[in-house]
$ cat coords19.csv   # CSV, N, CA and C atoms
chain,number,residue,atom,x,y,z
A,1,MET,N,65.0,46.7,-53.5
A,1,MET,CA,64.8,46.1,-52.2
A,1,MET,C,65.4,47.0,-51.1
A,2,THR,N,64.7,47.0,-50.0
A,2,THR,CA,65.2,47.8,-48.8
A,2,THR,C,66.0,46.9,-48.0
A,3,GLU,N,67.0,47.5,-47.4
A,3,GLU,CA,67.9,46.7,-46.5
A,3,GLU,C,67.4,46.8,-45.1
A,4,THR,N,67.4,45.7,-44.5
A,4,THR,CA,66.9,45.7,-43.1
A,4,THR,C,68.1,45.5,-42.2
A,5,THR,N,68.0,46.2,-41.1
A,5,THR,CA,69.2,46.1,-40.1
A,5,THR,C,68.8,45.3,-38.9
A,6,GLN,N,68.0,44.3,-39.1
A,6,GLN,CA,67.6,43.5,-37.9
A,6,GLN,C,68.8,42.5,-37.6
A,7,GLY,N,69.0,42.3,-36.3
A,7,GLY,CA,70.0,41.4,-35.9
A,7,GLY,C,69.4,40.0,-35.9
A,8,PRO,N,70.1,39.1,-35.3
A,8,PRO,CA,69.6,37.7,-35.3
A,8,PRO,C,68.3,37.7,-34.4
A,9,ARG,N,67.4,36.9,-34.8
A,9,ARG,CA,66.1,36.8,-34.0
A,9,ARG,C,66.3,35.9,-32.8
A,10,GLU,N,65.6,36.3,-31.8
A,10,GLU,CA,65.7,35.5,-30.5
A,10,GLU,C,65.0,34.2,-30.7
A,11,ARG,N,65.6,33.2,-30.2
A,11,ARG,CA,64.9,31.8,-30.3
A,11,ARG,C,63.7,31.8,-29.4
A,12,PRO,N,62.7,31.1,-29.8
A,12,PRO,CA,61.5,31.1,-28.9
A,12,PRO,C,61.7,30.2,-27.7
A,13,LEU,N,61.1,30.6,-26.6
A,13,LEU,CA,61.2,29.8,-25.4
A,13,LEU,C,60.1,28.7,-25.4
A,14,SER,N,60.4,27.7,-24.6
A,14,SER,CA,59.4,26.6,-24.4
A,14,SER,C,58.3,27.2,-23.6
A,15,PRO,N,57.0,26.7,-23.8
A,15,PRO,CA,55.9,27.3,-23.1
A,15,PRO,C,56.0,27.4,-21.6
A,16,HIS,N,56.6,26.4,-21.0
A,16,HIS,CA,56.7,26.4,-19.5
A,16,HIS,C,57.7,27.5,-19.1
A,17,LEU,N,58.5,28.0,-20.0
A,17,LEU,CA,59.4,29.1,-19.6
A,17,LEU,C,58.9,30.5,-19.9
A,18,MET,N,57.8,30.6,-20.6
A,18,MET,CA,57.2,31.8,-21.0
A,18,MET,C,56.2,32.4,-20.0
A,19,GLY,N,55.9,31.7,-18.9
A,19,GLY,CA,55.0,32.2,-17.9
A,19,GLY,C,53.6,31.8,-18.2
A,20,TRP,N,53.4,30.8,-19.0
A,20,TRP,CA,52.0,30.3,-19.3
A,20,TRP,C,51.4,29.7,-18.1
A,21,ARG,N,50.1,29.9,-17.9
A,21,ARG,CA,49.4,29.3,-16.8
A,21,ARG,C,48.5,28.2,-17.3
A,22,PRO,N,48.4,27.1,-16.6
A,22,PRO,CA,47.5,26.0,-17.0
A,22,PRO,C,46.1,26.5,-17.1
A,23,HIS,N,45.4,26.0,-18.1
A,23,HIS,CA,44.0,26.3,-18.2
A,23,HIS,C,43.3,24.9,-18.5
A,24,ALA,N,42.0,24.9,-18.5
A,24,ALA,CA,41.2,23.7,-18.5
A,24,ALA,C,41.5,22.8,-19.7
A,25,THR,N,41.5,23.4,-20.8
A,25,THR,CA,41.8,22.5,-22.0
A,25,THR,C,43.2,22.0,-22.1
A,26,MET,N,44.1,22.7,-21.6
A,26,MET,CA,45.5,22.2,-21.5
A,26,MET,C,45.6,21.0,-20.5
A,27,VAL,N,45.1,21.2,-19.3
A,27,VAL,CA,45.1,20.2,-18.3
A,27,VAL,C,44.4,18.9,-18.8
A,28,GLY,N,43.2,19.2,-19.5
A,28,GLY,CA,42.4,18.1,-20.0
A,28,GLY,C,43.2,17.3,-21.1
A,29,SER,N,43.9,18.0,-21.9
A,29,SER,CA,44.7,17.3,-23.0
A,29,SER,C,45.8,16.5,-22.4
A,30,ILE,N,46.5,17.0,-21.4
A,30,ILE,CA,47.5,16.3,-20.7
A,30,ILE,C,47.0,15.1,-20.0
A,31,LEU,N,45.8,15.2,-19.3
A,31,LEU,CA,45.2,14.1,-18.6
A,31,LEU,C,44.7,13.0,-19.6
A,32,HIS,N,44.3,13.5,-20.8
A,32,HIS,CA,43.8,12.5,-21.8
A,32,HIS,C,44.9,11.6,-22.2
A,33,ARG,N,46.1,12.1,-22.4
A,33,ARG,CA,47.3,11.3,-22.7
A,33,ARG,C,47.7,10.4,-21.5
A,34,ILE,N,47.7,11.0,-20.3
A,34,ILE,CA,48.1,10.2,-19.2
A,34,ILE,C,47.1,9.0,-18.9
A,35,THR,N,45.8,9.3,-19.0
A,35,THR,CA,44.8,8.2,-18.8
A,35,THR,C,44.9,7.2,-19.9
A,36,GLY,N,45.2,7.6,-21.1
A,36,GLY,CA,45.4,6.6,-22.2
A,36,GLY,C,46.5,5.7,-21.9
A,37,SER,N,47.6,6.2,-21.4
A,37,SER,CA,48.8,5.4,-21.0
A,37,SER,C,48.4,4.5,-19.8
A,38,ALA,N,47.7,5.1,-18.8
A,38,ALA,CA,47.3,4.3,-17.7
A,38,ALA,C,46.4,3.1,-18.1
A,39,LEU,N,45.6,3.3,-19.1
A,39,LEU,CA,44.7,2.2,-19.6
A,39,LEU,C,45.6,1.0,-20.2
A,40,TYR,N,46.8,1.3,-20.7
A,40,TYR,CA,47.7,0.3,-21.1
A,40,TYR,C,48.1,-0.6,-19.9
A,41,GLY,N,48.3,0.1,-18.8
A,41,GLY,CA,48.6,-0.7,-17.6
A,41,GLY,C,47.5,-1.5,-17.1
A,42,GLY,N,46.2,-1.0,-17.3
A,42,GLY,CA,45.1,-1.7,-17.0
A,42,GLY,C,44.9,-3.0,-17.9
A,43,ALA,N,45.3,-2.8,-19.1
A,43,ALA,CA,45.2,-4.0,-20.0
A,43,ALA,C,46.2,-5.1,-19.6
A,44,LEU,N,47.4,-4.6,-19.1
A,44,LEU,CA,48.3,-5.6,-18.5
A,44,LEU,C,47.8,-6.3,-17.3
A,45,ILE,N,47.1,-5.6,-16.4
A,45,ILE,CA,46.4,-6.2,-15.3
A,45,ILE,C,45.4,-7.2,-15.7
A,46,LEU,N,44.6,-6.8,-16.7
A,46,LEU,CA,43.6,-7.7,-17.2
A,46,LEU,C,44.2,-9.0,-17.8
A,47,ALA,N,45.3,-8.8,-18.5
A,47,ALA,CA,46.0,-10.0,-19.0
A,47,ALA,C,46.6,-10.9,-17.9
A,48,GLY,N,47.1,-10.2,-16.8
A,48,GLY,CA,47.5,-11.0,-15.7
A,48,GLY,C,46.4,-11.7,-15.0
A,49,TRP,N,45.2,-11.1,-15.0
A,49,TRP,CA,44.1,-11.8,-14.4
A,49,TRP,C,43.7,-13.0,-15.3
A,50,ALA,N,43.7,-12.9,-16.6
A,50,ALA,CA,43.4,-14.0,-17.5
A,50,ALA,C,44.5,-15.1,-17.3
A,51,LEU,N,45.7,-14.7,-17.2
A,51,LEU,CA,46.8,-15.8,-17.1
A,51,LEU,C,46.7,-16.5,-15.7
A,52,SER,N,46.3,-15.7,-14.7
A,52,SER,CA,46.2,-16.4,-13.4
A,52,SER,C,44.9,-17.3,-13.4
A,53,LEU,N,43.9,-16.9,-14.1
A,53,LEU,CA,42.7,-17.8,-14.3
A,53,LEU,C,43.1,-19.1,-15.0
A,54,ALA,N,43.9,-19.0,-16.0
A,54,ALA,CA,44.4,-20.2,-16.7
A,54,ALA,C,45.4,-21.0,-16.0
A,55,ALA,N,46.1,-20.4,-15.0
A,55,ALA,CA,47.1,-21.1,-14.3
A,55,ALA,C,46.6,-22.0,-13.2
A,56,GLY,N,45.3,-21.8,-12.8
A,56,GLY,CA,44.7,-22.6,-11.8
A,56,GLY,C,44.2,-21.9,-10.6
A,57,PRO,N,43.5,-22.6,-9.7
A,57,PRO,CA,42.9,-21.9,-8.5
A,57,PRO,C,43.9,-21.2,-7.6
A,58,ASP,N,45.0,-21.8,-7.4
A,58,ASP,CA,46.0,-21.1,-6.4
A,58,ASP,C,46.5,-19.8,-7.0
A,59,ALA,N,46.9,-19.8,-8.3
A,59,ALA,CA,47.3,-18.6,-8.9
A,59,ALA,C,46.2,-17.5,-9.0
A,60,TYR,N,45.0,-18.0,-9.3
A,60,TYR,CA,43.9,-17.1,-9.3
A,60,TYR,C,43.6,-16.5,-8.0
A,61,GLN,N,43.7,-17.3,-6.9
A,61,GLN,CA,43.4,-16.8,-5.6
A,61,GLN,C,44.5,-15.8,-5.2
A,62,ALA,N,45.7,-16.0,-5.5
A,62,ALA,CA,46.8,-15.1,-5.1
A,62,ALA,C,46.6,-13.8,-5.9
A,63,PHE,N,46.2,-13.9,-7.2
A,63,PHE,CA,46.0,-12.6,-7.9
A,63,PHE,C,44.8,-11.8,-7.4
A,64,MET,N,43.8,-12.5,-7.0
A,64,MET,CA,42.6,-11.8,-6.5
A,64,MET,C,42.9,-11.2,-5.1
A,65,GLU,N,43.7,-11.9,-4.3
A,65,GLU,CA,44.1,-11.3,-3.1
A,65,GLU,C,44.9,-10.0,-3.3
A,66,LEU,N,45.8,-10.0,-4.3
A,66,LEU,CA,46.6,-8.8,-4.7
A,66,LEU,C,45.6,-7.7,-5.1
A,67,LEU,N,44.7,-8.0,-5.9
A,67,LEU,CA,43.7,-7.0,-6.4
A,67,LEU,C,42.8,-6.5,-5.2
A,68,GLY,N,42.5,-7.4,-4.3
A,68,GLY,CA,41.7,-7.0,-3.2
A,68,GLY,C,42.4,-6.3,-2.0
A,69,SER,N,43.7,-6.2,-2.1
A,69,SER,CA,44.5,-5.4,-1.1
A,69,SER,C,44.2,-3.9,-1.3
A,70,PRO,N,44.5,-3.2,-0.2
A,70,PRO,CA,44.2,-1.7,-0.3
A,70,PRO,C,45.0,-1.1,-1.5
A,71,LEU,N,46.2,-1.5,-1.8
A,71,LEU,CA,46.9,-1.0,-2.9
A,71,LEU,C,46.3,-1.4,-4.3
A,72,GLY,N,45.8,-2.6,-4.3
A,72,GLY,CA,45.1,-3.1,-5.5
A,72,GLY,C,43.8,-2.4,-5.8
A,73,LYS,N,43.1,-2.1,-4.7
A,73,LYS,CA,41.8,-1.3,-4.9
A,73,LYS,C,42.1,0.1,-5.3
A,74,LEU,N,43.2,0.7,-4.8
A,74,LEU,CA,43.6,2.0,-5.2
A,74,LEU,C,43.9,2.1,-6.7
A,75,VAL,N,44.7,1.1,-7.1
A,75,VAL,CA,45.0,1.0,-8.6
A,75,VAL,C,43.7,0.8,-9.4
A,76,LEU,N,42.8,-0.1,-9.0
A,76,LEU,CA,41.6,-0.3,-9.7
A,76,LEU,C,40.7,1.0,-9.7
A,77,PHE,N,40.7,1.7,-8.6
A,77,PHE,CA,39.9,2.9,-8.6
A,77,PHE,C,40.5,3.9,-9.6
A,78,GLY,N,41.9,4.0,-9.6
A,78,GLY,CA,42.5,4.9,-10.5
A,78,GLY,C,42.2,4.5,-12.0
A,79,LEU,N,42.2,3.2,-12.2
A,79,LEU,CA,41.9,2.7,-13.6
A,79,LEU,C,40.5,3.0,-14.0
A,80,THR,N,39.6,2.9,-13.0
A,80,THR,CA,38.2,3.3,-13.3
A,80,THR,C,38.0,4.7,-13.6
A,81,LEU,N,38.7,5.6,-12.9
A,81,LEU,CA,38.7,7.0,-13.1
A,81,LEU,C,39.3,7.3,-14.5
A,82,SER,N,40.4,6.6,-14.8
A,82,SER,CA,41.0,6.8,-16.1
A,82,SER,C,40.1,6.4,-17.2
A,83,LEU,N,39.5,5.3,-17.1
A,83,LEU,CA,38.6,4.8,-18.1
A,83,LEU,C,37.5,5.8,-18.4
A,84,PHE,N,36.8,6.3,-17.4
A,84,PHE,CA,35.7,7.2,-17.6
A,84,PHE,C,36.2,8.6,-18.1
A,85,TYR,N,37.3,9.0,-17.6
A,85,TYR,CA,37.8,10.3,-18.2
A,85,TYR,C,38.2,10.2,-19.6
A,86,HIS,N,38.9,9.1,-20.0
A,86,HIS,CA,39.3,8.9,-21.4
A,86,HIS,C,38.1,8.7,-22.3
A,87,LEU,N,37.1,8.1,-21.8
A,87,LEU,CA,35.8,7.9,-22.5
A,87,LEU,C,35.2,9.3,-22.8
A,88,ALA,N,35.1,10.1,-21.8
A,88,ALA,CA,34.4,11.4,-21.9
A,88,ALA,C,35.2,12.3,-22.8
A,89,LYS,N,36.5,12.3,-22.7
A,89,LYS,CA,37.4,13.1,-23.5
A,89,LYS,C,37.4,12.6,-25.0
A,90,GLY,N,37.2,11.3,-25.2
A,90,GLY,CA,37.1,10.8,-26.5
A,90,GLY,C,35.8,11.2,-27.2
A,91,VAL,N,34.7,11.3,-26.4
A,91,VAL,CA,33.5,11.9,-27.0
A,91,VAL,C,33.7,13.4,-27.3
A,92,GLN,N,34.4,14.1,-26.5
A,92,GLN,CA,34.6,15.5,-26.8
A,92,GLN,C,35.4,15.6,-28.1
A,93,HIS,N,36.4,14.7,-28.3
A,93,HIS,CA,37.2,14.7,-29.6
A,93,HIS,C,36.3,14.3,-30.8
A,94,LEU,N,35.3,13.5,-30.6
A,94,LEU,CA,34.4,13.2,-31.7
A,94,LEU,C,33.6,14.5,-32.1
A,95,PHE,N,33.2,15.3,-31.1
A,95,PHE,CA,32.6,16.6,-31.5
A,95,PHE,C,33.6,17.5,-32.2
A,96,TRP,N,34.8,17.5,-31.7
A,96,TRP,CA,35.8,18.3,-32.4
A,96,TRP,C,36.1,17.9,-33.8
A,97,ASP,N,36.1,16.5,-34.0
A,97,ASP,CA,36.3,16.0,-35.4
A,97,ASP,C,35.2,16.4,-36.3
A,98,SER,N,34.0,16.7,-35.8
A,98,SER,CA,32.9,17.2,-36.6
A,98,SER,C,32.9,18.7,-36.8
A,99,GLY,N,33.9,19.4,-36.2
A,99,GLY,CA,34.0,20.8,-36.3
A,99,GLY,C,33.2,21.6,-35.3
A,100,LYS,N,32.8,21.0,-34.3
A,100,LYS,CA,32.0,21.7,-33.3
A,100,LYS,C,32.7,21.8,-31.9
A,101,GLY,N,32.4,22.9,-31.2
A,101,GLY,CA,33.0,23.0,-29.8
A,101,GLY,C,34.4,23.6,-29.7
A,102,PHE,N,34.8,24.3,-30.7
A,102,PHE,CA,36.2,24.8,-30.7
A,102,PHE,C,36.3,26.2,-30.0
A,103,ALA,N,35.2,26.9,-29.8
A,103,ALA,CA,35.2,28.1,-29.1
A,103,ALA,C,35.7,27.9,-27.7
A,104,LEU,N,36.6,28.8,-27.3
A,104,LEU,CA,37.3,28.5,-26.0
A,104,LEU,C,36.3,28.4,-24.8
A,105,PRO,N,35.3,29.2,-24.7
A,105,PRO,CA,34.4,28.9,-23.5
A,105,PRO,C,33.7,27.6,-23.6
A,106,ILE,N,33.3,27.2,-24.8
A,106,ILE,CA,32.7,25.8,-24.9
A,106,ILE,C,33.7,24.7,-24.7
A,107,ALA,N,34.9,24.9,-25.2
A,107,ALA,CA,35.9,23.8,-25.0
A,107,ALA,C,36.3,23.7,-23.5
A,108,ASN,N,36.4,24.8,-22.8
A,108,ASN,CA,36.6,24.8,-21.4
A,108,ASN,C,35.5,24.1,-20.6
A,109,MET,N,34.3,24.5,-21.0
A,109,MET,CA,33.1,23.9,-20.3
A,109,MET,C,33.0,22.4,-20.5
A,110,ALA,N,33.3,22.0,-21.8
A,110,ALA,CA,33.2,20.6,-22.1
A,110,ALA,C,34.3,19.8,-21.3
A,111,THR,N,35.5,20.4,-21.2
A,111,THR,CA,36.6,19.8,-20.5
A,111,THR,C,36.2,19.6,-19.0
A,112,ILE,N,35.7,20.6,-18.4
A,112,ILE,CA,35.2,20.6,-17.0
A,112,ILE,C,34.1,19.5,-16.9
A,113,ALA,N,33.2,19.4,-17.9
A,113,ALA,CA,32.2,18.4,-17.9
A,113,ALA,C,32.8,17.0,-17.9
A,114,CYS,N,33.9,16.8,-18.7
A,114,CYS,CA,34.6,15.5,-18.7
A,114,CYS,C,35.2,15.2,-17.3
A,115,PHE,N,35.8,16.2,-16.6
A,115,PHE,CA,36.2,15.9,-15.3
A,115,PHE,C,35.1,15.5,-14.4
A,116,ALA,N,34.0,16.2,-14.4
A,116,ALA,CA,32.9,15.9,-13.5
A,116,ALA,C,32.3,14.6,-13.8
A,117,PHE,N,32.1,14.3,-15.1
A,117,PHE,CA,31.6,13.0,-15.5
A,117,PHE,C,32.4,11.8,-15.0
A,118,ALA,N,33.8,12.0,-15.2
A,118,ALA,CA,34.7,10.9,-14.7
A,118,ALA,C,34.6,10.7,-13.2
A,119,VAL,N,34.5,11.7,-12.5
A,119,VAL,CA,34.4,11.6,-11.0
A,119,VAL,C,33.1,11.0,-10.6
A,120,ALA,N,32.0,11.5,-11.2
A,120,ALA,CA,30.7,11.0,-10.8
A,120,ALA,C,30.5,9.6,-11.2
A,121,ALA,N,30.9,9.2,-12.4
A,121,ALA,CA,30.7,7.8,-12.9
A,121,ALA,C,31.6,6.9,-12.1
A,122,THR,N,32.8,7.3,-11.7
A,122,THR,CA,33.7,6.4,-10.9
A,122,THR,C,33.1,6.2,-9.5
A,123,LEU,N,32.6,7.3,-8.9
A,123,LEU,CA,32.0,7.1,-7.6
A,123,LEU,C,30.8,6.3,-7.6
A,124,ALA,N,30.0,6.4,-8.7
A,124,ALA,CA,28.8,5.6,-8.8
A,124,ALA,C,29.1,4.1,-9.0
A,125,VAL,N,30.1,3.8,-9.8
A,125,VAL,CA,30.4,2.4,-10.0
A,125,VAL,C,31.0,1.8,-8.7
A,126,TRP,N,31.8,2.5,-8.0
A,126,TRP,CA,32.4,2.0,-6.8
A,126,TRP,C,31.3,2.0,-5.7
A,127,ALA,N,30.4,2.9,-5.6
A,127,ALA,CA,29.3,2.8,-4.7
A,127,ALA,C,28.4,1.6,-4.9
A,128,ILE,N,28.1,1.3,-6.2
A,128,ILE,CA,27.3,0.1,-6.5
A,128,ILE,C,28.1,-1.1,-6.1
A,129,ALA,N,29.4,-1.2,-6.4
A,129,ALA,CA,30.2,-2.3,-6.1
A,129,ALA,C,30.2,-2.5,-4.5
A,130,TRP,N,30.3,-1.4,-3.8
A,130,TRP,CA,30.3,-1.5,-2.3
A,130,TRP,C,29.0,-2.0,-1.8
A,131,MET,N,27.9,-1.5,-2.4
A,131,MET,CA,26.5,-1.9,-1.9
A,131,MET,C,26.2,-3.3,-2.3
A,132,THR,N,26.7,-3.8,-3.4
A,132,THR,CA,26.4,-5.2,-3.7
A,132,THR,C,27.4,-6.2,-3.1
A,133,GLY,N,28.4,-5.7,-2.4
A,133,GLY,CA,29.3,-6.6,-1.7
A,133,GLY,C,30.5,-7.1,-2.6
A,134,ALA,N,30.7,-6.4,-3.7
A,134,ALA,CA,31.7,-6.8,-4.6
A,134,ALA,C,33.1,-6.4,-4.1
A,135,LEU,N,33.1,-5.5,-3.2
A,135,LEU,CA,34.4,-5.0,-2.7
A,135,LEU,C,34.8,-5.8,-1.5
$ encode --input "coords19.csv" --output "structure tokens"
Amino acid sequence: MTETTQGPRERPLSPHLMGWRPHATMVGSILHRITGSALYGGALILAGWALSLAAGPDAYQAFMELLGSPLGKLVLFGLTLSLFYHLAKGVQHLFWDSGKGFALPIANMATIACFAFAVAATLAVWAIAWMTGAL
């Protein structure tokens, strides 16, 4: 056996300390996790809506006024965006589960398509809601 004269190895640095720059698939992965967590908040809002409905007309009216406020509409808009982005990214994951779309250019393009779909679908839903008087 040959003797090596290597000293102790340097410990690896965390990626954010190594000078890595964000790229589409990294940002997409992080947003997928964030939107999944946001949808849990949306489930709580939905549960609150159901509870207010069961509590009677006064509670329901108060809850609907809260959702109809500018802050409530902003939260609902964010939830709509989260829902569509999480849906699109879930479809991308289905393709990945089948072994397709791992090449970096394709993965980046698909991630950007997820962003675009989420924005377009959210704007379409809110435009329809505005045109029908639901807002």
$ closest_residue --input "coords19.csv" --among "A:Met131, A:Ile45, A:Cys114, A:Leu31" --to "Gly72 (chain A)" --atoms "only C-alpha atoms"
A:Ile45
$ residues_around --input "coords19.csv" --residues "Phe115 (chain A)" --least-positions-apart "5" --cutoff "7 Å" --atoms "only N, CA and C atoms" --output "PyMOL selection string"
chain A and resi 85+110+120
$ closest_residue --input "coords19.csv" --among "A:Leu83, A:Leu67, A:Pro57, A:Leu51" --to "Ala38 (chain A)" --atoms "only N, CA and C atoms"
A:Leu83
$ closest_residue --input "coords19.csv" --among "A:Leu44, A:Leu53, A:Ala59, A:Met64" --to "Leu135 (chain A)" --atoms "only C-alpha atoms"
A:Met64
$ atom_distance --input "coords19.csv" --atom1 "atom C of Gly48 (chain A)" --atom2 "atom C of Leu123 (chain A)"
24.9 Å
$ closest_residue --input "coords19.csv" --among "A:Lys100, A:Ala107, A:Gly42, A:Ala118" --to "Ala88 (chain A)" --atoms "all atoms listed in the file"
A:Ala118
$ closest_residue --input "coords19.csv" --among "A:Tyr60, A:Phe117, A:Tyr40, A:Trp49" --to "Lys89 (chain A)" --atoms "only C-alpha atoms"
A:Phe117
$ decode --input "coords19.csv" --residues "region 44-53 of chain A" --atoms "all heavy atoms" --output "tab-separated table (two decimals), in the first residue's frame"
chain	number	residue	atom	x	y	z
A	44	LEU	N	-57.29	25.79	5.36
A	44	LEU	CA	-57.81	26.36	6.62
A	44	LEU	C	-58.84	27.45	6.35
A	44	LEU	O	-59.84	27.56	7.07
A	44	LEU	CB	-56.65	26.91	7.46
A	44	LEU	CG	-55.69	25.86	8.01
A	44	LEU	CD1	-54.51	26.54	8.72
A	44	LEU	CD2	-56.40	24.91	8.95
A	45	ILE	N	-58.60	28.25	5.33
A	45	ILE	CA	-59.58	29.27	4.95
A	45	ILE	C	-60.88	28.61	4.50
A	45	ILE	O	-61.98	29.04	4.86
A	45	ILE	CB	-59.01	30.21	3.87
A	45	ILE	CG1	-57.88	31.05	4.46
A	45	ILE	CG2	-60.10	31.10	3.27
A	45	ILE	CD1	-57.12	31.87	3.45
A	46	LEU	N	-60.77	27.55	3.72
A	46	LEU	CA	-61.96	26.80	3.29
A	46	LEU	C	-62.70	26.21	4.48
A	46	LEU	O	-63.94	26.26	4.54
A	46	LEU	CB	-61.56	25.71	2.30
A	46	LEU	CG	-62.69	24.89	1.69
A	46	LEU	CD1	-63.63	25.78	0.88
A	46	LEU	CD2	-62.11	23.79	0.81
A	47	ALA	N	-61.96	25.69	5.45
A	47	ALA	CA	-62.59	25.15	6.66
A	47	ALA	C	-63.28	26.26	7.44
A	47	ALA	O	-64.38	26.07	7.97
A	47	ALA	CB	-61.55	24.44	7.53
A	48	GLY	N	-62.65	27.43	7.51
A	48	GLY	CA	-63.27	28.57	8.17
A	48	GLY	C	-64.55	29.00	7.47
A	48	GLY	O	-65.54	29.35	8.13
A	49	TRP	N	-64.53	28.95	6.14
A	49	TRP	CA	-65.74	29.27	5.38
A	49	TRP	C	-66.87	28.29	5.71
A	49	TRP	O	-68.00	28.70	5.95
A	49	TRP	CB	-65.43	29.24	3.89
A	49	TRP	CG	-66.63	29.40	3.01
A	49	TRP	CD1	-67.26	30.57	2.69
A	49	TRP	CD2	-67.36	28.35	2.38
A	49	TRP	NE1	-68.33	30.31	1.88
A	49	TRP	CE2	-68.42	28.95	1.67
A	49	TRP	CE3	-67.23	26.98	2.33
A	49	TRP	CZ2	-69.33	28.22	0.94
A	49	TRP	CZ3	-68.13	26.24	1.61
A	49	TRP	CH2	-69.17	26.85	0.91
A	50	ALA	N	-66.55	27.00	5.76
A	50	ALA	CA	-67.56	25.98	6.08
A	50	ALA	C	-68.08	26.16	7.50
A	50	ALA	O	-69.30	26.02	7.75
A	50	ALA	CB	-66.98	24.58	5.89
A	51	LEU	N	-67.19	26.47	8.43
A	51	LEU	CA	-67.63	26.68	9.81
A	51	LEU	C	-68.51	27.92	9.93
A	51	LEU	O	-69.51	27.91	10.67
A	51	LEU	CB	-66.42	26.81	10.74
A	51	LEU	CG	-65.65	25.52	11.00
A	51	LEU	CD1	-64.38	25.82	11.78
A	51	LEU	CD2	-66.52	24.52	11.73
A	52	SER	N	-68.16	28.98	9.22
A	52	SER	CA	-68.99	30.18	9.26
A	52	SER	C	-70.35	29.93	8.62
A	52	SER	O	-71.37	30.46	9.07
A	52	SER	CB	-68.29	31.35	8.57
A	52	SER	OG	-68.27	31.18	7.16
A	53	LEU	N	-70.39	29.09	7.60
A	53	LEU	CA	-71.65	28.72	6.96
A	53	LEU	C	-72.53	27.95	7.94
A	53	LEU	O	-73.74	28.19	8.02
A	53	LEU	CB	-71.37	27.88	5.71
A	53	LEU	CG	-72.54	27.56	4.80
A	53	LEU	CD1	-73.17	28.83	4.25
A	53	LEU	CD2	-72.07	26.68	3.66
